[in-house]
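Participant: So I've got this file, entry-v8.cif, and it contains mmCIF, C-alpha atoms:
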data_data
#
loop_
_atom_site.label_atom_id
_atom_site.label_comp_id
_atom_site.auth_asym_id
_atom_site.auth_seq_id
_atom_site.Cartn_x
_atom_site.Cartn_y
_atom_site.Cartn_z
CA MET Y 23 105.49 92.19 108.35
CA ASN Y 24 107.18 92.21 104.96
CA LYS Y 25 105.53 95.27 103.35
CA ILE Y 26 104.61 95.03 99.67
CA ARG Y 27 105.89 97.93 97.60
CA VAL Y 28 103.03 99.41 95.56
CA ALA Y 29 103.09 101.40 92.31
CA VAL Y 30 100.02 103.41 91.30
CA LEU Y 31 99.56 104.10 87.57
CA CYS Y 32 97.50 107.20 86.71
CA SER Y 33 96.71 109.32 83.66
CA GLY Y 34 94.73 112.23 85.09
CA GLY Y 35 93.75 114.01 88.27
CA GLY Y 36 94.62 111.19 90.64
CA THR Y 37 91.58 111.28 92.94
CA ASN Y 38 91.80 107.51 93.45
CA LEU Y 39 95.53 107.86 94.08
CA GLN Y 40 94.68 110.46 96.75
CA ALA Y 41 92.25 108.05 98.39
CA ILE Y 42 95.02 105.45 98.56
CA LEU Y 43 97.56 107.96 99.91
CA ASP Y 44 95.08 109.17 102.55
CA SER Y 45 94.33 105.59 103.63
CA ALA Y 46 98.03 104.77 103.83
CA ALA Y 47 98.69 107.94 105.88
CA ALA Y 48 95.87 106.93 108.24
CA GLY Y 49 97.47 103.51 108.78
CA ARG Y 50 94.80 101.57 106.88
CA ILE Y 51 97.24 99.90 104.45
CA PRO Y 52 99.67 98.31 106.95
CA ALA Y 53 100.72 95.51 104.58
CA GLY Y 54 101.69 97.91 101.77
CA GLU Y 55 103.96 100.85 101.09
CA ILE Y 56 103.13 103.30 98.28
CA ALA Y 57 106.54 103.48 96.63
CA LEU Y 58 105.99 104.83 93.11
CA VAL Y 59 103.51 106.75 90.93
CA VAL Y 60 103.72 106.27 87.16
CA SER Y 61 101.90 108.34 84.55
CA ASP Y 62 101.56 108.23 80.76
CA ASN Y 63 100.68 111.94 80.84
CA ALA Y 64 103.36 114.45 81.83
CA SER Y 65 100.74 117.04 82.85
CA ALA Y 66 98.67 114.68 85.04
CA TYR Y 67 97.81 116.28 88.39
CA ALA Y 68 98.36 112.85 89.95
CA LEU Y 69 102.10 113.59 89.69
CA GLU Y 70 101.66 116.69 91.87
CA ARG Y 71 99.74 114.65 94.44
CA ALA Y 72 102.59 112.13 94.51
CA LYS Y 73 105.23 114.84 94.96
CA LYS Y 74 103.26 116.41 97.82
CA ALA Y 75 103.20 113.01 99.52
CA GLY Y 76 106.92 112.48 98.94
CA ILE Y 77 106.37 109.58 96.52
CA GLU Y 78 108.76 109.04 93.62
CA THR Y 79 107.33 109.51 90.12
CA VAL Y 80 108.09 108.20 86.65
CA VAL Y 81 106.60 109.56 83.41
CA ALA Y 82 106.28 107.65 80.13
CA ASP Y 83 104.34 110.28 78.20
CA LYS Y 84 102.13 109.12 75.31
CA LYS Y 85 102.96 112.19 73.21
CA GLU Y 86 106.69 111.87 73.78
CA ILE Y 87 106.71 108.06 73.39
CA PRO Y 88 103.86 107.14 71.02
CA ASP Y 89 104.99 103.51 70.75
CA ARG Y 90 103.14 101.51 73.42
CA ALA Y 91 105.77 98.75 73.54
CA GLU Y 92 108.49 101.32 74.30
CA ARG Y 93 106.33 102.95 77.01
CA GLU Y 94 105.75 99.53 78.55
CA ARG Y 95 109.49 98.80 78.51
CA ARG Y 96 110.18 102.04 80.38
CA ILE Y 97 107.41 101.40 82.89
CA LEU Y 98 108.58 97.81 83.51
CA ALA Y 99 112.14 99.01 84.04
CA ALA Y 100 110.91 101.52 86.65
CA LEU Y 101 108.77 98.89 88.39
CA GLU Y 102 111.70 96.48 88.60
CA ALA Y 103 114.10 99.22 89.77
CA HIS Y 104 111.70 100.07 92.62
CA ASP Y 105 111.07 96.40 93.56
CA ILE Y 106 107.31 96.77 93.03
CA GLY Y 107 105.16 93.89 94.23
CA LEU Y 108 101.71 95.27 93.39
CA ILE Y 109 100.51 97.57 90.59
CA VAL Y 110 97.33 99.60 91.03
CA LEU Y 111 95.69 101.05 87.91
CA ALA Y 112 93.82 104.15 89.09
CA GLY Y 113 92.48 105.96 86.04
CA PHE Y 114 95.30 104.71 83.79
CA MET Y 115 94.21 105.27 80.19
CA THR Y 116 96.57 102.85 78.43
CA ILE Y 117 95.44 99.28 77.79
CA LEU Y 118 98.43 97.15 78.78
CA SER Y 119 99.63 94.26 76.61
CA GLU Y 120 99.13 90.61 77.48
CA ALA Y 121 102.89 90.24 77.98
CA PHE Y 122 102.81 93.04 80.57
CA THR Y 123 99.75 91.74 82.45
CA ARG Y 124 101.18 88.21 82.57
CA LYS Y 125 104.33 89.49 84.29
CA TYR Y 126 102.14 90.78 87.11
CA ASP Y 127 99.54 88.00 87.21
CA HIS Y 128 97.39 88.50 90.35
CA ARG Y 129 99.72 91.38 91.27
CA MET Y 130 97.91 94.10 89.33
CA ILE Y 131 94.48 95.53 90.17
CA ASN Y 132 92.17 98.07 88.56
CA VAL Y 133 89.16 100.09 89.69
CA HIS Y 134 86.27 100.37 87.23
CA PRO Y 135 83.28 102.73 87.73
CA SER Y 136 80.49 100.18 87.26
CA LEU Y 137 79.33 96.87 88.68
CA ILE Y 138 81.15 94.51 86.31
CA PRO Y 139 79.98 92.78 84.10
CA SER Y 140 77.75 95.81 83.35
CA PHE Y 141 79.19 98.72 81.31
CA CYS Y 142 82.74 97.43 81.01
CA GLY Y 143 85.25 96.38 78.39
CA PRO Y 144 86.73 98.31 75.45
CA GLY Y 145 85.36 101.84 75.10
CA PHE Y 146 83.87 101.98 78.60
CA TYR Y 147 85.93 104.47 80.60
CA GLY Y 148 85.42 107.75 82.46
CA LEU Y 149 82.12 109.53 81.84
CA LYS Y 150 81.22 107.07 79.06
CA VAL Y 151 80.45 104.44 81.71
CA HIS Y 152 78.03 106.75 83.54
CA GLU Y 153 76.43 107.96 80.30
CA ALA Y 154 75.74 104.33 79.39
CA ALA Y 155 74.31 103.54 82.82
CA LEU Y 156 71.94 106.52 82.68
CA SER Y 157 70.85 105.85 79.11
CA ARG Y 158 70.07 102.23 80.06
CA GLY Y 159 67.97 103.46 82.98
CA VAL Y 160 69.64 101.42 85.71
CA LYS Y 161 68.62 102.23 89.28
CA VAL Y 162 71.82 100.92 90.87
CA THR Y 163 75.39 101.27 89.67
CA GLY Y 164 78.68 101.29 91.58
CA ALA Y 165 82.34 100.38 91.30
CA THR Y 166 84.43 97.23 91.00
CA VAL Y 167 88.03 96.43 91.88
CA HIS Y 168 89.37 93.47 89.94
CA TYR Y 169 92.61 91.75 89.03
CA VAL Y 170 93.97 92.77 85.63
CA ASN Y 171 94.51 90.20 82.91
CA GLU Y 172 94.72 90.31 79.11
CA VAL Y 173 90.94 90.85 78.80
CA CYS Y 174 89.87 94.49 79.29
CA ASP Y 175 87.97 94.60 82.64
CA GLY Y 176 87.93 90.80 82.54
CA GLY Y 177 90.00 89.69 85.54
CA PRO Y 178 88.61 88.14 88.74
CA ILE Y 179 86.63 90.51 90.96
CA ILE Y 180 88.08 91.47 94.35
CA ALA Y 181 85.44 93.92 95.63
CA GLN Y 182 82.28 95.72 94.54
CA LYS Y 183 80.14 98.44 96.08
CA ALA Y 184 76.72 99.53 94.89
CA VAL Y 185 75.60 103.15 94.53
CA CYS Y 186 72.02 104.29 93.90
CA VAL Y 187 71.22 106.31 90.80
CA GLU Y 188 69.18 109.38 91.79
CA GLU Y 189 66.45 111.26 89.95
CA GLY Y 190 67.96 113.99 87.80
CA ASP Y 191 71.47 112.53 87.81
CA THR Y 192 73.83 113.63 85.06
CA PRO Y 193 76.91 111.62 84.06
CA GLU Y 194 78.98 114.16 86.04
CA THR Y 195 76.94 113.96 89.27
CA LEU Y 196 76.80 110.17 89.05
CA GLN Y 197 80.55 109.96 88.45
CA LYS Y 198 81.23 112.03 91.58
CA ARG Y 199 78.88 109.94 93.72
CA VAL Y 200 80.36 106.65 92.50
CA MET Y 201 83.85 107.95 93.30
CA ARG Y 202 82.91 109.23 96.74
CA GLU Y 203 80.65 106.36 97.84
CA ALA Y 204 82.40 103.42 96.16
CA GLU Y 205 85.76 103.88 94.41
CA TRP Y 206 87.50 105.84 97.17
CA ILE Y 207 86.36 103.25 99.72
CA ILE Y 208 86.89 99.88 98.05
CA LEU Y 209 90.12 100.66 96.18
CA PRO Y 210 92.27 101.35 99.28
CA GLN Y 211 90.64 98.37 101.01
CA ALA Y 212 91.51 96.15 98.05
CA VAL Y 213 95.11 97.42 98.05
CA GLU Y 214 95.43 96.26 101.67
CA THR Y 215 93.67 92.93 100.98
CA VAL Y 216 96.01 92.07 98.10
CA CYS Y 217 99.14 93.35 99.89
CA GLU Y 218 98.27 91.19 102.87
CA ARG Y 219 97.88 88.13 100.61
CA LEU Y 220 101.16 88.81 98.81
CA SER Y 221 102.98 89.40 102.09
CA LYS Y 222 101.76 86.07 103.48
CA GLU Y 223 102.78 84.28 100.28
CA ARG Y 224 106.29 85.70 100.62
CA GLU Y 225 106.54 84.28 104.14
CA ILE Y 226 105.64 80.75 103.06
#
Please lay out the structure from this file as structure tokens.
Facilitator:
Amino acid sequence: MNKIRVAVLCSGGGTNLQAILDSAAAGRIPAGEIALVVSDNASAYALERAKKAGIETVVADKKEIPDRAERERRILAALEAHDIGLIVLAGFMTILSEAFTRKYDHRMINVHPSLIPSFCGPGFYGLKVHEAALSRGVKVTGATVHYVNEVCDGGPIIAQKAVCVEEGDTPETLQKRVMREAEWIILPQAVETVCERLSKEREI
């Protein structure tokens, strides 16, 4: 099989990256190869996770390069140099331009910590999503993996998994449960699903 080379873009701790790396190491992403980790934060722990796994890294730090267009140029150059076929946004805190997303149409996916279309779009990220879910009083939340387009959290949905909200939940406890019971499961699965599709398309 023609393996699809995957880049994972992260800004923070990289727990979703770790879930992907663990799945790949266990042989559960046979159609893909994790080839590159990119971060817009030079101190992101995700970079350490990548180094431990022997994955190449590229940094386009927001503080060092405040201009988004210049950061995107550097990231695109790295993606092209590494022959990347699929981009995975895993806690990447930069909203990418329409020009960038169009270049990777149906070849870029994101994980969002809610059941889209609930609690998504501009301003909904990290703990803010879980704070909103709790303040609304929902009994079920979860995570969504979707294709990335020019609309924030607006691309077609690939996978969703529901998680129950429990009595006494805080945004922090809910965030951890959604990661453990949904994000870390459906994101690696979606990486394989999309890699398999892209690999078959290459063979046609």
Participant: Restricting the calculation to only C-alpha atoms, which member of Y:Leu137, Y:Leu58, Y:Glu92, Y:Ser221 is positioned closest to Ile179 in chain Y?
Facilitator: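 Checking each candidate against Ile179 in chain Y, we get Y:Leu137 as the closest.
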Participant: Any chance you could tabulate, as a Markdown table, the residues of range 62-134 of chain Y at most 7 Å from range 30-47 of chain Y with each one's nearest atom pair and distance in Å to one decimal, using all atoms listed in the file, in chain and rising number order?
Facilitator:
| residue | atom | partner | partner_atom | distance |
| --- | --- | --- | --- | --- |
| Y:Asp62 | CA | Y:Ser33 | CA | 5.8 |
| Y:Asn63 | CA | Y:Ser33 | CA | 5.5 |
| Y:Ala66 | CA | Y:Gly34 | CA | 4.6 |
| Y:Tyr67 | CA | Y:Gly35 | CA | 4.7 |
| Y:Ala68 | CA | Y:Gly36 | CA | 4.1 |
| Y:Arg71 | CA | Y:Gln40 | CA | 7.0 |
| Y:Ile109 | CA | Y:Val30 | CA | 5.9 |
| Y:Val110 | CA | Y:Val30 | CA | 4.7 |
| Y:Leu111 | CA | Y:Leu31 | CA | 4.9 |
| Y:Ala112 | CA | Y:Cys32 | CA | 5.3 |
| Y:Gly113 | CA | Y:Cys32 | CA | 5.2 |
| Y:Phe114 | CA | Y:Cys32 | CA | 4.4 |
| Y:Met115 | CA | Y:Ser33 | CA | 5.9 |
Participant: Residues picked by the PyMOL selection byres ((chain Y and resi 85) around 9) here, as a list in words?
Facilitator: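 Checking the PyMOL selection byres ((chain Y and resi 85) around 9) against this file, the residues are Asp62, Asn63, Ala64, Ala82, Asp83, Lys84, Glu86, Ile87 and Pro88 of chain Y.
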Participant: Please, what distance in Å, to one decimal, runs between CA of Leu98 in chain Y and CA of Val170 in chain Y?
Facilitator: 15.6 Å
Participant: Evaluate the PyMOL selection byres ((chain Y and resi 188) around 12) here and jot the selected residues down as a ChimeraX atom specification.
Facilitator: /Y:155-156,159-163,185-187,189-193,195-197,199-200
Participant: Name the residues within 12 Å of (76.5, 98.7, 83.0), counting all atoms listed in the file in the file's coordinates, and put them as a count of residues only.
Facilitator: 30
Participant: Applied to the shown file, which residues does the PyMOL selection byres ((chain Y and resi 223) around 12) return, written as a list in words?
Facilitator: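 Those residues are Met23, Asn24, Lys25, Ile26, Gly107, Arg129, Val216, Cys217, Glu218, Arg219, Leu220, Ser221, Lys222, Arg224, Glu225 and Ile226 of chain Y.
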Participant: In Å, how far is it from CA of Ala181 in chain Y to CA of Glu203 in chain Y?
Facilitator: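 Spanning CA of Ala181 in chain Y to CA of Glu203 in chain Y is a straight-line distance of 13.5 Å.
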Participant: May I have the residues within 8 Å of range 95-97 of chain Y as JSON, numbers by chain, using all atoms listed in the file and disregarding those fewer than 3 positions away in the same chain?
Facilitator: {"Y": [60, 80, 82, 91, 92, 100, 101]}
Participant: Build an axis-aligned box that encloses every atom of range 41-60 of chain Y listed in the file, pad it by 6 Å on each side, and report its centre and edge lengths in Å to one decimal, as JSON.
Facilitator:
{"center_x": 99.4, "center_y": 102.3, "center_z": 98.0, "size_x": 26.3, "size_y": 25.7, "size_z": 33.6}
Participant: Using CA of Cys174 in chain Y and CA of Ala103 in chain Y as the two end points, give the distance in Å to one decimal.
Facilitator: 26.8 Å
Participant: Looking at only C-alpha atoms, which of Y:Ala204, Y:Gly177, Y:Asn171, Y:Lys125 is the one that sits closest to Glu102 in chain Y?
Facilitator: Y:Lys125
Participant: Using all atoms listed in the file, which of the listed residues (Y:Glu194, Y:Val167, Y:Gly148, Y:Glu70) sits closest to Ile207 in chain Y?
Facilitator: Y:Val167
